[in-house]
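Colleague: This one is model_15.json, JSON, C-alpha atoms and all ligand atoms.
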```json
[["chain", "number", "residue", "atom", "x", "y", "z"],
["B", 1, "MET", "CA", 18.39, 7.00, -35.18],
["B", 2, "GLN", "CA", 20.34, 9.74, -37.00],
["B", 3, "ASP", "CA", 20.20, 12.11, -34.04],
["B", 4, "LEU", "CA", 20.39, 11.84, -30.28],
["B", 5, "GLN", "CA", 17.05, 10.62, -28.95],
["B", 6, "THR", "CA", 15.78, 10.74, -25.40],
["B", 7, "PHE", "CA", 13.90, 7.57, -24.48],
["B", 8, "ASN", "CA", 13.14, 5.07, -21.75],
["B", 9, "THR", "CA", 11.14, 2.60, -23.82],
["B", 10, "ILE", "CA", 11.82, 0.61, -26.97],
["B", 11, "VAL", "CA", 8.87, -0.47, -29.04],
["B", 12, "LEU", "CA", 9.13, -3.48, -31.33],
["B", 13, "ASN", "CA", 6.03, -3.85, -33.45],
["B", 14, "GLN", "CA", 5.72, -7.39, -34.78],
["B", 15, "SER", "CA", 2.01, -7.35, -35.64],
["B", 16, "GLY", "CA", 2.67, -8.95, -39.02],
["B", 17, "ALA", "CA", 4.17, -12.03, -37.35],
["B", 18, "PRO", "CA", 3.37, -12.10, -33.61],
["B", 19, "GLY", "CA", 4.99, -15.54, -33.23],
["B", 20, "ASP", "CA", 8.31, -14.22, -34.49],
["B", 21, "TYR", "CA", 9.11, -12.43, -31.25],
["B", 22, "PRO", "CA", 12.65, -12.43, -29.83],
["B", 23, "ARG", "CA", 12.83, -15.26, -27.28],
["B", 24, "LEU", "CA", 15.43, -13.56, -25.13],
["B", 25, "CYS", "CA", 17.24, -10.37, -26.03],
["B", 26, "ASP", "CA", 19.83, -7.97, -24.70],
["B", 27, "ILE", "CA", 19.41, -4.26, -25.41],
["B", 28, "TYR", "CA", 22.38, -1.94, -25.77],
["B", 29, "VAL", "CA", 22.54, 1.82, -26.31],
["B", 30, "SER", "CA", 25.48, 3.79, -27.63],
["B", 31, "ASN", "CA", 26.34, 7.32, -28.66],
["B", 32, "ASP", "CA", 28.79, 6.39, -31.41],
["B", 33, "GLY", "CA", 27.62, 2.99, -32.66],
["B", 34, "LEU", "CA", 31.05, 1.55, -31.81],
["B", 35, "ASN", "CA", 31.23, 1.37, -28.03],
["B", 36, "TRP", "CA", 28.29, -0.56, -26.61],
["B", 37, "GLY", "CA", 29.30, -1.51, -23.07],
["B", 38, "ASN", "CA", 27.02, -3.83, -21.11],
["B", 39, "PRO", "CA", 23.38, -4.41, -22.03],
["B", 40, "VAL", "CA", 21.06, -1.96, -20.28],
["B", 41, "VAL", "CA", 18.37, -4.58, -19.94],
["B", 42, "THR", "CA", 17.65, -8.23, -20.78],
["B", 43, "VAL", "CA", 14.09, -9.21, -21.61],
["B", 44, "SER", "CA", 12.21, -12.24, -22.88],
["B", 45, "GLY", "CA", 9.59, -11.73, -25.53],
["B", 46, "MET", "CA", 6.03, -12.98, -25.87],
["B", 47, "THR", "CA", 3.62, -13.66, -28.70],
["B", 48, "GLU", "CA", 2.06, -10.25, -29.01],
["B", 49, "ASP", "CA", 1.59, -7.53, -31.60],
["B", 50, "GLU", "CA", 3.88, -5.07, -29.92],
["B", 51, "MET", "CA", 6.61, -5.41, -27.32],
["B", 52, "ARG", "CA", 7.14, -2.30, -25.21],
["B", 53, "ILE", "CA", 10.49, -2.75, -23.48],
["B", 54, "ARG", "CA", 11.02, -0.53, -20.48],
["B", 55, "LEU", "CA", 14.64, 0.54, -19.92],
["B", 56, "PRO", "CA", 16.13, 1.10, -16.46],
["B", 57, "LYS", "CA", 16.18, 4.87, -16.93],
["B", 58, "VAL", "CA", 15.91, 7.63, -19.53],
["B", 59, "TYR", "CA", 18.76, 7.42, -22.05],
["B", 60, "SER", "CA", 20.06, 9.98, -24.49],
["B", 61, "ALA", "CA", 21.62, 8.02, -27.30],
["B", 62, "ARG", "CA", 21.76, 7.77, -31.03],
["B", 63, "TYR", "CA", 22.27, 4.03, -31.50],
["B", 64, "VAL", "CA", 20.37, 0.99, -30.20],
["B", 65, "LYS", "CA", 21.43, -2.63, -30.61],
["B", 66, "ILE", "CA", 19.28, -5.67, -29.84],
["B", 67, "THR", "CA", 20.82, -9.14, -29.74],
["B", 68, "GLN", "CA", 18.55, -12.19, -29.81],
["B", 69, "ASN", "CA", 20.04, -14.90, -27.60],
["B", 70, "ARG", "CA", 17.74, -17.89, -27.39],
["B", 71, "GLU", "CA", 16.72, -20.57, -29.86],
["B", 72, "SER", "CA", 13.05, -20.85, -30.73],
["B", 73, "ASN", "CA", 11.56, -24.28, -30.01],
["B", 74, "SER", "CA", 9.07, -23.83, -32.82],
["B", 75, "GLY", "CA", 11.56, -22.86, -35.50],
["B", 76, "SER", "CA", 10.31, -19.26, -35.57],
["B", 77, "TRP", "CA", 12.20, -16.45, -37.22],
["B", 78, "TRP", "CA", 12.61, -13.06, -35.58],
["B", 79, "ALA", "CA", 10.53, -10.32, -37.20],
["B", 80, "ILE", "CA", 10.15, -6.56, -36.62],
["B", 81, "ASN", "CA", 7.54, -4.62, -38.57],
["B", 82, "GLU", "CA", 8.41, -1.30, -37.02],
["B", 83, "PHE", "CA", 11.04, -0.15, -34.53],
["B", 84, "SER", "CA", 10.55, 3.00, -32.45],
["B", 85, "VAL", "CA", 11.55, 4.55, -29.13],
["B", 86, "ASP", "CA", 9.37, 6.36, -26.65],
["B", 87, "ASN", "CA", 9.79, 8.44, -23.51],
["B", 88, "VAL", "CA", 6.86, 7.87, -21.19],
["B", 89, "THR", "CA", 6.07, 8.51, -17.54],
["B", 90, "TYR", "CA", 5.85, 5.36, -15.47],
["B", 91, "ASP", "CA", 4.09, 4.99, -12.13],
["B", 92, "GLY", "CA", 5.36, 1.60, -11.08],
["B", 93, "TRP", "CA", 8.78, 0.45, -10.02],
["B", 94, "PHE", "CA", 11.24, -0.72, -12.60],
["B", 95, "ALA", "CA", 12.86, -4.12, -12.26],
["B", 96, "ALA", "CA", 15.63, -5.86, -14.19],
["B", 97, "ALA", "CA", 17.23, -9.27, -13.85],
["B", 98, "SER", "CA", 20.27, -11.21, -14.95],
["B", 99, "SER", "CA", 18.03, -13.54, -16.98],
["B", 100, "SER", "CA", 14.34, -14.23, -17.46],
["B", 101, "GLY", "CA", 12.28, -17.27, -18.36],
["B", 102, "SER", "CA", 10.04, -16.98, -21.41],
["B", 103, "GLY", "CA", 7.04, -14.79, -20.54],
["B", 104, "HIS", "CA", 8.44, -14.10, -17.08],
["B", 105, "ASN", "CA", 10.10, -10.69, -17.35],
["B", 106, "ALA", "CA", 11.41, -8.86, -14.30],
["B", 107, "SER", "CA", 8.54, -6.36, -14.46],
["B", 108, "ASN", "CA", 6.16, -9.20, -13.48],
["B", 109, "ALA", "CA", 7.62, -9.07, -9.96],
["B", 110, "VAL", "CA", 6.62, -5.42, -9.42],
["B", 111, "ASP", "CA", 3.21, -5.32, -11.15],
["B", 112, "ASN", "CA", 1.11, -6.03, -8.02],
["B", 113, "ASP", "CA", -0.46, -8.96, -9.84],
["B", 114, "PRO", "CA", -0.13, -12.03, -7.59],
["B", 115, "ASN", "CA", -0.44, -14.39, -10.55],
["B", 116, "SER", "CA", 2.34, -13.02, -12.75],
["B", 117, "SER", "CA", 5.92, -13.83, -11.91],
["B", 118, "TRP", "CA", 9.52, -13.33, -12.84],
["B", 119, "ASN", "CA", 11.79, -16.33, -12.92],
["B", 120, "SER", "CA", 15.42, -16.89, -13.77],
["B", 121, "GLY", "CA", 14.55, -19.43, -16.47],
["B", 122, "ALA", "CA", 17.31, -21.76, -15.26],
["B", 123, "ALA", "CA", 18.53, -23.55, -12.16],
["B", 124, "GLN", "CA", 20.25, -21.37, -9.57],
["B", 125, "THR", "CA", 24.01, -21.17, -10.10],
["B", 126, "GLY", "CA", 24.88, -18.37, -7.69],
["B", 127, "ASN", "CA", 25.31, -15.71, -10.38],
["B", 128, "GLU", "CA", 21.75, -14.36, -10.62],
["B", 129, "TRP", "CA", 20.70, -10.85, -9.70],
["B", 130, "PHE", "CA", 17.51, -8.87, -9.55],
["B", 131, "THR", "CA", 17.42, -5.06, -9.35],
["B", 132, "VAL", "CA", 14.60, -2.69, -8.49],
["B", 133, "ASP", "CA", 14.28, 1.05, -9.01],
["B", 134, "LEU", "CA", 11.87, 2.27, -6.32],
["B", 135, "LEU", "CA", 11.67, 5.60, -8.24],
["B", 136, "LYS", "CA", 12.57, 7.59, -5.12],
["B", 137, "LYS", "CA", 14.63, 7.10, -2.02],
["B", 138, "THR", "CA", 12.59, 4.73, 0.14],
["B", 139, "THR", "CA", 13.07, 3.70, 3.74],
["B", 140, "PHE", "CA", 12.64, 0.04, 4.67],
["B", 141, "ASN", "CA", 13.77, -2.55, 7.14],
["B", 142, "ILE", "CA", 12.37, -5.60, 5.41],
["B", 143, "ILE", "CA", 12.16, -6.86, 1.84],
["B", 144, "ILE", "CA", 9.49, -9.44, 1.08],
["B", 145, "LEU", "CA", 9.85, -11.76, -1.90],
["B", 146, "ASN", "CA", 6.55, -13.47, -2.57],
["B", 147, "GLN", "CA", 7.08, -16.83, -4.27],
["B", 148, "GLU", "CA", 3.67, -18.32, -3.52],
["B", 149, "GLY", "CA", 3.11, -20.02, -6.87],
["B", 150, "SER", "CA", 6.55, -21.70, -6.93],
["B", 151, "GLU", "CA", 7.33, -22.48, -3.35],
["B", 152, "ASP", "CA", 10.59, -24.27, -4.02],
["B", 153, "ASP", "CA", 12.00, -21.45, -6.17],
["B", 154, "TYR", "CA", 13.29, -19.48, -3.19],
["B", 155, "PRO", "CA", 16.80, -18.00, -3.36],
["B", 156, "ARG", "CA", 19.12, -20.49, -1.69],
["B", 157, "GLU", "CA", 21.44, -17.69, -0.56],
["B", 158, "TYR", "CA", 21.12, -13.98, -1.04],
["B", 159, "ALA", "CA", 23.03, -10.73, -0.58],
["B", 160, "VAL", "CA", 21.25, -7.37, -0.79],
["B", 161, "TYR", "CA", 22.91, -4.16, -1.99],
["B", 162, "GLY", "CA", 21.70, -0.56, -2.02],
["B", 163, "SER", "CA", 22.72, 2.10, -4.53],
["B", 164, "GLU", "CA", 22.14, 5.81, -4.97],
["B", 165, "ASP", "CA", 22.22, 5.81, -8.77],
["B", 166, "GLY", "CA", 21.53, 2.23, -9.90],
["B", 167, "VAL", "CA", 24.88, 2.17, -11.70],
["B", 168, "THR", "CA", 27.47, 2.00, -8.93],
["B", 169, "TRP", "CA", 26.94, -0.80, -6.44],
["B", 170, "PRO", "CA", 28.99, -1.10, -3.26],
["B", 171, "THR", "CA", 31.06, -4.23, -2.75],
["B", 172, "ARG", "CA", 29.70, -4.58, 0.75],
["B", 173, "SER", "CA", 26.17, -5.94, 1.10],
["B", 174, "LEU", "CA", 23.54, -4.65, 3.52],
["B", 175, "VAL", "CA", 22.64, -8.17, 4.56],
["B", 176, "THR", "CA", 23.18, -11.79, 3.55],
["B", 177, "GLY", "CA", 21.09, -14.83, 4.35],
["B", 178, "ASN", "CA", 19.20, -17.87, 3.13],
["B", 179, "GLY", "CA", 15.81, -17.79, 1.45],
["B", 180, "THR", "CA", 12.86, -19.68, 2.86],
["B", 181, "PRO", "CA", 10.87, -22.40, 1.10],
["B", 182, "GLY", "CA", 7.15, -21.70, 1.10],
["B", 183, "LYS", "CA", 5.05, -18.65, 0.35],
["B", 184, "GLU", "CA", 7.63, -15.97, 0.86],
["B", 185, "THR", "CA", 11.21, -15.13, 1.65],
["B", 186, "ARG", "CA", 11.42, -12.32, 4.17],
["B", 187, "ILE", "CA", 14.70, -10.42, 4.31],
["B", 188, "PRO", "CA", 14.92, -8.48, 7.57],
["B", 189, "PHE", "CA", 17.50, -5.78, 8.27],
["B", 190, "THR", "CA", 18.88, -4.86, 11.64],
["B", 191, "ARG", "CA", 18.30, -1.17, 10.93],
["B", 192, "LYS", "CA", 16.32, 1.00, 8.54],
["B", 193, "TRP", "CA", 17.90, 1.79, 5.21],
["B", 194, "GLY", "CA", 16.98, 4.39, 2.62],
["B", 195, "TYR", "CA", 17.78, 3.72, -1.03],
["B", 196, "ARG", "CA", 16.21, 4.23, -4.42],
["B", 197, "TYR", "CA", 17.93, 1.24, -6.07],
["B", 198, "LEU", "CA", 18.15, -2.27, -4.65],
["B", 199, "LYS", "CA", 19.95, -5.32, -5.91],
["B", 200, "ILE", "CA", 19.34, -8.84, -4.65],
["B", 201, "ALA", "CA", 22.11, -11.20, -5.65],
["B", 202, "GLN", "CA", 21.39, -14.92, -5.56],
["B", 203, "THR", "CA", 24.64, -16.53, -4.43],
["B", 204, "GLY", "CA", 23.62, -20.13, -3.71],
["B", 205, "GLN", "CA", 23.16, -23.20, -5.91],
["B", 206, "SER", "CA", 20.25, -25.48, -6.58],
["B", 207, "GLU", "CA", 20.34, -28.39, -8.97],
["B", 208, "GLY", "CA", 16.70, -28.28, -9.96],
["B", 209, "SER", "CA", 15.09, -25.07, -8.78],
["B", 210, "TRP", "CA", 14.83, -21.79, -10.63],
["B", 211, "TRP", "CA", 14.54, -18.51, -8.75],
["B", 212, "SER", "CA", 11.04, -16.98, -8.88],
["B", 213, "ILE", "CA", 9.52, -13.77, -7.54],
["B", 214, "TYR", "CA", 5.77, -13.19, -7.91],
["B", 215, "ASN", "CA", 5.82, -9.90, -6.04],
["B", 216, "LEU", "CA", 8.55, -7.87, -4.40],
["B", 217, "SER", "CA", 7.78, -5.33, -1.70],
["B", 218, "VAL", "CA", 9.68, -3.28, 0.85],
["B", 219, "GLU", "CA", 8.24, -2.26, 4.18],
["B", 220, "ILE", "CA", 8.98, -0.67, 7.48],
["B", 221, "SER", "CA", 7.90, -3.23, 10.02],
["B", 222, "THR", "CA", 7.83, -2.23, 13.67],
["B", 223, "ALA", "CA", 7.58, -5.91, 14.59],
["B", 224, "ILE", "CA", 11.17, -6.54, 13.61],
["B", 225, "THR", "CA", 13.03, -3.81, 15.35],
["B", 226, "HIS", "CA", 16.43, -5.32, 15.62],
["B", 227, "PRO", "CA", 15.91, -9.06, 15.91],
["B", 228, "GLU", "CA", 19.66, -9.44, 16.32],
["B", 229, "THR", "CA", 19.90, -7.10, 19.26],
["B", 230, "ASN", "CA", 16.89, -8.74, 20.92],
["B", 231, "PRO", "CA", 17.71, -12.41, 20.44],
["B", 232, "LEU", "CA", 15.12, -15.12, 20.85],
["B", 233, "GLN", "CA", 15.75, -16.99, 24.09],
["B", 234, "ILE", "CA", 14.31, -19.96, 25.96],
["B", 235, "ARG", "CA", 14.71, -20.44, 29.70],
["B", 236, "TYR", "CA", 13.34, -23.19, 31.94],
["B", 237, "SER", "CA", 12.70, -23.18, 35.63],
["B", 238, "GLU", "CA", 10.37, -25.11, 37.94],
["B", 239, "GLY", "CA", 8.01, -26.56, 35.37],
["B", 240, "LYS", "CA", 7.78, -23.42, 33.25],
["B", 241, "LEU", "CA", 9.38, -22.34, 30.02],
["B", 242, "LYS", "CA", 10.00, -18.66, 29.54],
["B", 243, "ILE", "CA", 10.16, -17.45, 25.94],
["B", 244, "ILE", "CA", 11.95, -14.13, 25.56],
["B", 245, "ASN", "CA", 11.67, -11.73, 22.59],
["B", 246, "ALA", "CA", 9.37, -13.98, 20.56],
["B", 247, "LEU", "CA", 7.37, -12.26, 17.83],
["B", 248, "PRO", "CA", 3.65, -12.90, 17.33],
["B", 249, "ASP", "CA", 2.91, -16.16, 15.46],
["B", 250, "SER", "CA", 5.95, -17.89, 16.88],
["B", 251, "GLN", "CA", 5.72, -21.63, 17.31],
["B", 252, "LEU", "CA", 7.07, -23.83, 20.08],
["B", 253, "THR", "CA", 7.82, -27.51, 19.63],
["B", 254, "ILE", "CA", 9.23, -29.90, 22.21],
["B", 255, "TYR", "CA", 10.86, -33.06, 20.91],
["B", 256, "SER", "CA", 11.88, -36.20, 22.73],
["B", 257, "LEU", "CA", 15.47, -37.32, 22.21],
["B", 258, "SER", "CA", 14.19, -39.86, 19.67],
["B", 259, "GLY", "CA", 12.82, -36.96, 17.62],
["B", 260, "GLN", "CA", 9.12, -37.35, 18.39],
["B", 261, "THR", "CA", 7.03, -34.25, 18.95],
["B", 262, "VAL", "CA", 5.67, -34.31, 22.49],
["B", 263, "LYS", "CA", 4.24, -30.81, 22.66],
["B", 264, "GLN", "CA", 3.42, -28.09, 20.17],
["B", 265, "GLU", "CA", 1.95, -24.62, 20.66],
["B", 266, "THR", "CA", 1.54, -21.57, 18.48],
["B", 267, "ASN", "CA", 1.54, -17.89, 19.41],
["B", 268, "VAL", "CA", 3.87, -18.49, 22.29],
["B", 269, "THR", "CA", 5.02, -15.50, 24.26],
["B", 270, "GLY", "CA", 5.86, -15.20, 27.92],
["B", 271, "THR", "CA", 5.57, -18.26, 30.12],
["B", 272, "ILE", "CA", 4.34, -21.77, 29.29],
["B", 273, "GLU", "CA", 3.55, -24.58, 31.67],
["B", 274, "VAL", "CA", 5.33, -27.81, 30.85],
["B", 275, "ASN", "CA", 3.93, -31.05, 32.25],
["B", 276, "LEU", "CA", 6.25, -33.70, 30.92],
["B", 277, "PRO", "CA", 7.71, -36.84, 32.45],
["B", 278, "GLN", "CA", 11.27, -36.83, 33.70],
["B", 279, "GLY", "CA", 13.75, -36.87, 30.86],
["B", 280, "ILE", "CA", 15.78, -34.91, 28.37],
["B", 281, "TYR", "CA", 14.04, -33.00, 25.58],
["B", 282, "LEU", "CA", 14.78, -30.45, 22.88],
["B", 283, "VAL", "CA", 12.76, -27.23, 22.77],
["B", 284, "THR", "CA", 12.56, -25.21, 19.57],
["B", 285, "VAL", "CA", 10.92, -21.83, 19.18],
["B", 286, "ARG", "CA", 10.72, -20.32, 15.74],
["B", 287, "ASP", "CA", 9.26, -17.08, 14.47],
["B", 288, "LYS", "CA", 9.34, -15.42, 11.08],
["B", 289, "TYR", "CA", 13.03, -14.74, 11.24],
["B", 290, "ARG", "CA", 14.72, -16.85, 13.85],
["B", 291, "VAL", "CA", 14.97, -20.27, 15.36],
["B", 292, "CYS", "CA", 16.18, -21.00, 18.87],
["B", 293, "THR", "CA", 16.77, -24.52, 20.19],
["B", 294, "GLU", "CA", 17.66, -25.46, 23.76],
["B", 295, "LYS", "CA", 18.08, -28.68, 25.67],
["B", 296, "LEU", "CA", 15.46, -29.19, 28.39],
["B", 297, "ILE", "CA", 16.21, -31.46, 31.35],
["B", 298, "ILE", "CA", 13.23, -32.32, 33.55],
["B", 299, "LYS", "CA", 14.26, -33.97, 36.81],
["B", 301, "CA", "CA", 3.44, -10.29, -10.14]]
```
As structure tokens - that is how I would like this structure written.
Ligand SMILES: [Ca+2]
Modeller:
Amino acid sequence: MQDLQTFNTIVLNQSGAPGDYPRLCDIYVSNDGLNWGNPVVTVSGMTEDEMRIRLPKVYSARYVKITQNRESNSGSWWAINEFSVDNVTYDGWFAAASSSGSGHNASNAVDNDPNSSWNSGAAQTGNEWFTVDLLKKTTFNIIILNQEGSEDDYPREYAVYGSEDGVTWPTRSLVTGNGTPGKETRIPFTRKWGYRYLKIAQTGQSEGSWWSIYNLSVEISTAITHPETNPLQIRYSEGKLKIINALPDSQLTIYSLSGQTVKQETNVTGTIEVNLPQGIYLVTVRDKYRVCTEKLIIK
């Protein structure tokens, strides 16, 4: 660009050939045009007149390189009518990902639109990551990954990292766990953390499922103060089950030894009367975060 430019957005105008958008591209910036380092962002294109590509932060650089990394199914070329950079003020969070499916950029997971989504564009191998810039240091004790439109695309295993600058990430994670099939994966923490930058690494494998996020949010939830220090417990005495530390919406199921459900109740807290014939049963109580199973012997 001949001189140093300050920018956080790259604009690719392709209005002359909207179908000739880059299917998947890596963007690099450099001060000398020789040393490029790692891509600052990876995005997938769409048929549109102009692609505005948001970078993870404001860069001061003279050189920009864009590599196009995916074959077009329709035999399209790649066209740019006009290239420019811009430095604009953003309100929303910034998100980036290790890869993106066509039309499913990382920004779709932080746009507050329940219908738009990011996905990894490929089956989970354990090497995916998703980063979010919350724009300021933010306190949270739960991360919620909404995956409502693709309920099987939950992260099989995850590790969450926090960073002060979005560049240096600690080797030690804040938490690890398994995602949940269904509408959302809730990632609870045993204490409150404050970070501006978050990274969720997907460390499990799935043969068929991609990883999708429709909406990512962080919250402080008073309902989950330290689930690990207040473990879910089940006790039985004289015809009554006592459920300890259950959260609202928890569900109790009693199974016979052959696996049949003999009793089911929702919103269990406190004490529950059990009127079952003599025998051995399994009792399970589950809430949003935990499952507790105990053997129940009725004499
Ligand atoms: Ca969305």
Colleague: Could you tell me how far CA of Arg235 (chain B) sits from CA of Gly177 (chain B), in Å to one decimal place?
Modeller: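 CA of Arg235 (chain B) lies at a distance of 26.7 Å from CA of Gly177 (chain B).
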Colleague: Taking 3 positions as the minimum chain separation for residues in the same chain, which residues sit within 7 Å of region 16-31 of chain B when counting only C-alpha atoms? Answer as number ranges by chain.
Modeller: B: 35-36, 38-49, 61-70, 72, 76-79, 81, 102
Colleague: How would you report the residues lying within 9 Å of ligand CA 301 (chain B), as a PDB file with C-alpha atoms, in the coordinates of the input, if you count only C-alpha atoms and all ligand atoms?
Modeller:
```pdb
ATOM      1  CA  SER B 107       8.540  -6.360 -14.460  1.00  0.00           C
ATOM      2  CA  ASN B 108       6.160  -9.200 -13.480  1.00  0.00           C
ATOM      3  CA  ALA B 109       7.620  -9.070  -9.960  1.00  0.00           C
ATOM      4  CA  VAL B 110       6.620  -5.420  -9.420  1.00  0.00           C
ATOM      5  CA  ASP B 111       3.210  -5.320 -11.150  1.00  0.00           C
ATOM      6  CA  ASN B 112       1.110  -6.030  -8.020  1.00  0.00           C
ATOM      7  CA  ASP B 113      -0.460  -8.960  -9.840  1.00  0.00           C
ATOM      8  CA  PRO B 114      -0.130 -12.030  -7.590  1.00  0.00           C
ATOM      9  CA  ASN B 115      -0.440 -14.390 -10.550  1.00  0.00           C
ATOM     10  CA  SER B 116       2.340 -13.020 -12.750  1.00  0.00           C
ATOM     11  CA  SER B 117       5.920 -13.830 -11.910  1.00  0.00           C
ATOM     12  CA  TRP B 118       9.520 -13.330 -12.840  1.00  0.00           C
ATOM     13  CA  ASN B 146       6.550 -13.470  -2.570  1.00  0.00           C
ATOM     14  CA  ILE B 213       9.520 -13.770  -7.540  1.00  0.00           C
ATOM     15  CA  TYR B 214       5.770 -13.190  -7.910  1.00  0.00           C
ATOM     16  CA  ASN B 215       5.820  -9.900  -6.040  1.00  0.00           C
ATOM     17  CA  LEU B 216       8.550  -7.870  -4.400  1.00  0.00           C
TER      18      LEU B 216
END
```
Colleague: Pick the closest to Ile142 (chain B) from B:Thr190, B:Thr261, B:Thr253, B:Asn87: which is it, counting only C-alpha atoms?
Modeller: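 Using only C-alpha atoms, Ile142 (chain B) sits closest to B:Thr190.
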Colleague: Just give me the gap between CA of Glu151 (chain B) and CA of Gln202 (chain B) in Å, one decimal is fine.
Modeller: 16.1 Å
Colleague: Rounded to one decimal place, report the CA of Tyr158 (chain B)-CA of Ile144 (chain B) distance in Å.
Modeller: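 These atoms are spaced 12.7 Å apart.
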Colleague: Excluding Thr89 (chain B) and any residue of its chain fewer than 5 positions from it, enumerate the residues within 12 Å of it, using only C-alpha atoms, and give them as a list in words.
Modeller: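 The filter keeps Phe7, Asn8, Thr9, Arg54, Leu55, Lys57, Val58, Phe94 and Leu135 of chain B.
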Colleague: Find the residues near Leu145 (chain B): any atom within 10 Å, counting all atoms listed in the file, skip ones fewer than 2 places away on the same chain, and give them as a list in words.
Modeller: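 Selected residues are Ala109, Ile142, Ile143, Gln147, Glu148, Tyr154, Pro155, Gly179, Thr180, Lys183, Glu184, Thr185, Arg186, Ile187, Ser212, Ile213, Tyr214, Asn215, Leu216, Ser217 and Val218 of chain B.
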Colleague: Hey, what's within 6 Å of Ala95 (chain B) if we count all atoms listed in the file and toss same-chain stuff fewer than 6 positions away? As a list in words, please?
Modeller: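 Result of the neighbour search: Ala106, Ser107, Thr131 and Val132 of chain B.
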Colleague: Would you mind telling me which residue in B:Ile298, B:Arg290, B:Glu164, B:Lys240 lies nearest to Glu273 (chain B) when using all atoms listed in the file?
Modeller: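 Once distances to Glu273 (chain B) are computed over all atoms listed in the file, the minimum belongs to B:Lys240.
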Colleague: Considering only C-alpha atoms, state which residue in the set B:Arg191, B:Arg172, B:Lys299, B:Arg156 is at the smallest distance from Glu207 (chain B).
Modeller: B:Arg156
Colleague: Name the residues in contact with Ile10 (chain B) at a cut-off of 6 Å, using all atoms listed in the file, excluding same-chain residues fewer than 5 positions from it; report them as a list of chain:residue names.
Modeller: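 Once the adjacent positions are removed, what remains is B:Arg52, B:Ile53, B:Val85.
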Colleague: My list of candidates is B:Trp211, B:Tyr236, B:Tyr281, B:Trp93. Which is closest to Ser258 (chain B) when distances are computed with all atoms listed in the file?
Modeller: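 Closest to Ser258 (chain B), using all atoms listed in the file: B:Tyr281.
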Colleague: So which one's closest to Thr266 (chain B), B:Pro248, B:Gly33, B:Gly103, B:Pro231? Using only C-alpha atoms, please.
Modeller: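 Of all the options, B:Pro248 lies closest to Thr266 (chain B).
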Colleague: For Gln5 (chain B), which of B:Asp32, B:Glu50, B:Glu294, B:Asp86 is the closest residue, counting all atoms listed in the file?
Modeller: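 With all atoms listed in the file as the atom set, the closest residue is B:Asp86.
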